[in-house]
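> Input: one structure, supplied below.
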Amino acid sequence: MKPAGGLLQGGAISESTRLFGGIAVALLASTGVLWLATGEVLVVLAYALGLVVLLAGGLAFQRLQERPETDQLAAPDWSVTVAAIEQAGEAVAITDRANRLTCANSAYAEWFGADTAPPNLPLERAGLEELVRLVRRAWRDGFAKTERLESEGGQQHWTVSAERAGRGDDHLIWRFHKIEPKIADPLVSYDVTGPFGRMLARAGIEAAITGPDGMIKSASAGFAERAVGDPNSTLAGQDFVSFLRSDDRDRIFFAREGRTGTPQTLIHVPLDDPDSPATTGPEDAQSLMLLVDSGVGIGAGWEASSQGVAQLESLLGQLPLGLAMTDRDGRFLFSNDAFLRAVEREERGLPAFPTDLVVREDKAALSDAVRRHGRGPATSGNMAIRLASAPDDTVSLGLAGVRGLGEAAVLLSLADSTQEAQLRRQVAQATKMQAVGQLAGGVAHDFNNVLTAIIGTCDLMLLRHTPGDSDYDDIQQIRNNSNRAASLTRQLLAFSRQQTLRPEIIQLPDVVSEVAPLIKRLLGEKIEYKVKHDRDLSPVRADPQQLEQVIMNLAVNARDAIQSHRGGAGQITLTTRRINMRQVEQMGSEILPAADYTVLIVEDTGGGIPPQVMPKLFEPFFTTKEQGKGTGLGLSTAYGIVKQSGGFLFADNVKGTGGRVIGARFSVYLPAHHGAVPQAPQAPVEQEASEWSGGGRILLVEDEDMVRAVAERALSRAGYVVTACSDGEEGLSAITAGGEFDLVVSDVVMPGMDGPAMARAIRQSHPELPVLFMSGYAEEQLRKDIDIPKMHFLAKPFSVQDISDKVAGIMRGLAKR
């Protein structure tokens with residue numbers, strides 16, 4: 001490196017010495033001329049001596065002038081300075097007080113150029129201002145430094161210092177150190193929790209980064225899923241070895257997968273570069289742990305795996321169950337003929353992916369399931385799907401992870417789940433019917449309270465009017481309409497199986513004979529009515545009036561079907577049959593228990609029941625009739641009555657010649673009664689109630705004001721002393737206050753303390769006091785729930801005469817004791 005601006009200077013011959021040499025030559029020449037002119041030796045000699053003296057004095061004076069002072073140093077040799085400041089990785093420059101570049105090394109010339117002196121460097125404005133301030137501090141304090149100086153464009157950064165130097169401190173030494181960005185070690189920058197880990201997982205490789213102590217730093221989602229079952233778990237800070245186990249053959253498995261897991265090959269990759277100097281100690285070393293399923297990769301058991309796949313395809317092809325196999329990416333590898341038939345692709349063949357076989361809504365779930373079984377342990381499971389060829393039906397698809405067979409990953413099995421889906425629909429239907437039944441029962445209970453008040457008020461008004469009175473007919477019309485409404489509530493209670501039944505041991509032919517005249521009048525002349533009875537029919541236990549309603553509902557429904565299908569002409573056949581236990585077992589029904597039954601069958605020729613109507617046939621308020629011609633409660637009421645009687649009601653279609661549907665058939669199965677048939681029941685006690693006139697003290701408890709008012713007036717007219725209370729607490733207080741009563745008449749459902757709770761509290765002090773409950777719910781159900789001795793029941797809605805007769809019958813029974 002040469003000094004900047006011609007800094008190296010060499011010595012030369014003094015100009016004064018050359019001048020005196022010329023004078024000496026001239027003097028000698030003049031002396032020669034004088035000798036020639038005069039010839040006088042003394043004159044010439046004196047002249048020459050004088051010239052010598054003058055020349056010596058001049059020379060001495062010149063030497064005296066050119067001798068350097070002893071306290072001055074020689075001029076600096078800048079080439080030596082340049083060699084001294086040449087350092088690798090550091091730019092050094094020397095400037096004078098005028099900020100002129102005196103000397104610089106090669107690094108400075110490369111970074112800033114040889115013609116540029118600090119602070120005038122190619123920097124941003126902020127950098128130039130910082131250098132100007134640094135120069136001022138350096139001249140003032142002797143040293144100044146800045147930790148970060150940014151180049152123009154921000155591509156390079158330096159640490160800069162300036163130090164004053166020289167004999168008169170008239171120079172600045174600049175030092176520039178480049179700041180290199182910290183580059184992360186590429187060996188430890190792998191993010192196995194991101195795309196890199198997912199890429200490895202697709203290839204069947206699970207990855208984790210561990211520290212020197214074996215603790216996990218990070219883990220891929222695939223490793224987390226197989227280790228703990230949660231792909232979102234980080235596992236950071238946990239022992240890597242704790243998630244693995246080994247068997248007696250030193251094979252490695254995931255501990256969570258247990259015996260169902262596949263052997264793993266563990267690959268340990270130290271994350272350090274052997275070709276570069278160590279920058280970290282052993283305590284900082286990290287490792288990349290790779291777990292590879294056995295059989296994954298080209299050449300890993302390829303021959304055995306290929307042979308196994310071929311044998312497996314040959315075996316599965318002969319099985320009647322629909323089976324197919326996919327690779328790890330979810331692509332079909334093969335399928336047997338049964339699978340193609342199940343998905344209705346015998347002619348077109350398999351598509352590329354299983355998701356091409358299902359409806360759009362099931363594609364994402366199926367894709368996720370195939371991926372999960374293909375990547376995870378060798379597990380199996382089932383999922384419900386809908387095939388694109390039959391979107392309305394649900395089928396069960398089995399998935400099983402396959403390992404050690406080359407590309408094979410997931411085995412798919414397809415089974416028809418039509419019966420399972422039908423059972424689910426039946427359960428859902430039963431649940432819905434139960435909910436609607438509870439709603440209907442609640443509505444009927446509240447409605448019965450209203451009807452009780454209306455009917456009772458009408459009865460009380462009729463007592464003050466004679467048949468010839470102008471208001472008598474209006475009151476009677478209100479009462480008749482109320483009774484019709486009461487019949488509707490009984491249908492709701494029959495549907496919800498909460499009505500009051502009075503079962504008897506009866507013969508079905510007797511019930512059919514009783515209702516036959518009414519049926520014939522309803523059917524008309526165009527519909528033929530036939531009755532067939534089997535011999536040796538077993539008796540059944542049922543309420544004859546409710547059973548008559550069932551027969552009437554089925555007959556009317558059959559009549560309407562014939563009229564809508566055949567213009568009013570057809571045939572209805574009513575048959576009774578006897579079926580024993582063996583015949584029931586041969587039927588193979590999953591609903592009908594094996595027992596002896598007496599069956600009532602109603603068939604018609606009305607064209608049958610459409611398939612879309614069959615599942616909704618017994619639903620309440622469902623009807624196929626025109627608006628205003630059906631309430632939708634006929635079949636649901638019949639169903640409720642049969643079920644409450646312990647029987648079963650089925651519906652199906654009747655087929656004629658050629659398999660054509662010609663009509664519908666309803667079969668009522670009632671359990672046969674075994675044992676002695678009781679004699680005709682005697683007249684109930686209530687029939688003799690009109691003879692009772694002894695009076696009595698009645699405690700009446702009813703939360704409905706109108707019902708309580710009607711009952712109180714009815715009992716008071718009958719000669720009873722009535723104490724009326726609005727709730728259970730008030731009724732109990734009337735007893736505990738010392739009141740004496742012969743009978744307690746109470747509602748069942750009341751806010752706060754209900755009727756049964758009040759009755760139990762009363763029985764603690766008055767164990768013999770009879771209780772008459774009033775309710776719109778079924779008597780049998782109430783007796784099961786309440787189970788209180790000496791309990792009587794009065795169904796709502798009731799008339800004034802009904803409650804008077806019921807109380808009189810109870811009082812007469814008490815008097816006979």
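Please note that chains go A, B, ... in the order of the structure tokens, that every chain numbers its residues from 1, and that ligands are numbered from 1 in the order shown.
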Compile the contact shell of segment 446-452 of chain A as a list in words: residues with an atom at most 8 Å away, counting only C-alpha atoms, same-chain residues fewer than 3 positions apart removed.
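The filter keeps Gly442, Val443, Ile455, Gly456, Ser482, Ala485, Ala486, Thr489, Glu704, Met706, Val707, Gly776, Lys796, Pro797, Phe798 and Ser799 of chain A.
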> Do a neighbour search on segment 347-363 of chain A at 8 Å with only C-alpha atoms, toss out local chain neighbours closer than 2 positions, and write the hits as number ranges by chain.
A: 330-332, 335, 340, 343, 345, 365-367, 385-389, 391
> Provide the atom CA of Val722 of chain A to atom CA of Ile786 of chain A distance in Å, to one decimal place.
24.8 Å
> Using only C-alpha atoms, can you tell me which of A:Met791, A:Leu772, A:Ala714, A:Val160 comes closest to Ala93 of chain A?
A:Val160
> Among segment 740-791 of chain A, which residues does DSSP mark as strand (DSSP E) when it is run on the backbone? Keep the chain and numbering as in the structure and answer as number ranges by chain.
A: 743-747, 771-775, 791
> How about saving the chosen residues, C-alpha atoms kept, as a PDB file, in the first residue's frame?

ATOM      1  CA  LEU A 743    -113.262 -37.751  54.781  1.00  0.00           C
ATOM      2  CA  VAL A 744    -110.505 -35.837  52.964  1.00  0.00           C
ATOM      3  CA  VAL A 745    -111.233 -34.925  49.316  1.00  0.00           C
ATOM      4  CA  SER A 746    -108.081 -33.654  47.653  1.00  0.00           C
ATOM      5  CA  ASP A 747    -106.519 -32.895  44.290  1.00  0.00           C
ATOM      6  CA  VAL A 771    -108.817 -39.995  51.381  1.00  0.00           C
ATOM      7  CA  LEU A 772    -110.561 -39.376  48.043  1.00  0.00           C
ATOM      8  CA  PHE A 773    -108.182 -38.132  45.330  1.00  0.00           C
ATOM      9  CA  MET A 774    -109.467 -36.166  42.317  1.00  0.00           C
ATOM     10  CA  SER A 775    -107.281 -36.287  39.195  1.00  0.00           C
ATOM     11  CA  MET A 791    -107.378 -44.378  49.109  1.00  0.00           C
TER      12      MET A 791
END
> Of the candidates A:Ala711, A:Val41, A:Ala208, A:Ala555, which shows the shortest atom-to-atom distance to Ile454 of chain A, using only C-alpha atoms?
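Of A:Ala711, A:Val41, A:Ala208, A:Ala555, the one nearest Ile454 of chain A, counting only C-alpha atoms, is A:Ala711.
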> As an exercise, work out the distance from atom CA of Gly728 of chain A to atom CA of Pro770 of chain A in Å and give it to one decimal place.
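If I compute the distance from atom CA of Gly728 of chain A to atom CA of Pro770 of chain A, I get 15.9 Å.
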> Tell me, as a list in words, which residues lie within 8 Å of Ile205 of chain A, counting only C-alpha atoms; anything in the same chain fewer than 6 positions away does not count.
Leu290, Leu291, Val292 and Asp293 of chain A
> How about saving the chosen residues, N, CA and C atoms kept, as an mmCIF file, in the first residue's frame?

data_model
loop_
_atom_site.group_PDB
_atom_site.id
_atom_site.type_symbol
_atom_site.label_atom_id
_atom_site.label_comp_id
_atom_site.auth_asym_id
_atom_site.auth_seq_id
_atom_site.Cartn_x
_atom_site.Cartn_y
_atom_site.Cartn_z
ATOM 1 N N LEU A 290 -35.700 -39.626 15.322
ATOM 2 C CA LEU A 290 -36.637 -40.048 14.289
ATOM 3 C C LEU A 290 -37.108 -41.465 14.590
ATOM 4 N N LEU A 291 -38.426 -41.669 14.597
ATOM 5 C CA LEU A 291 -39.021 -42.983 14.804
ATOM 6 C C LEU A 291 -39.728 -43.394 13.519
ATOM 7 N N VAL A 292 -39.293 -44.508 12.944
ATOM 8 C CA VAL A 292 -39.803 -44.951 11.646
ATOM 9 C C VAL A 292 -40.500 -46.283 11.839
ATOM 10 N N ASP A 293 -41.750 -46.400 11.311
ATOM 11 C CA ASP A 293 -42.466 -47.669 11.354
ATOM 12 C C ASP A 293 -41.691 -48.735 10.584
#
> What is the atom CA of Leu462 of chain A-atom CA of Gln801 of chain A distance in Å, reported with one decimal?
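So the two atoms, atom CA of Leu462 of chain A and atom CA of Gln801 of chain A, lie 11.9 Å apart.
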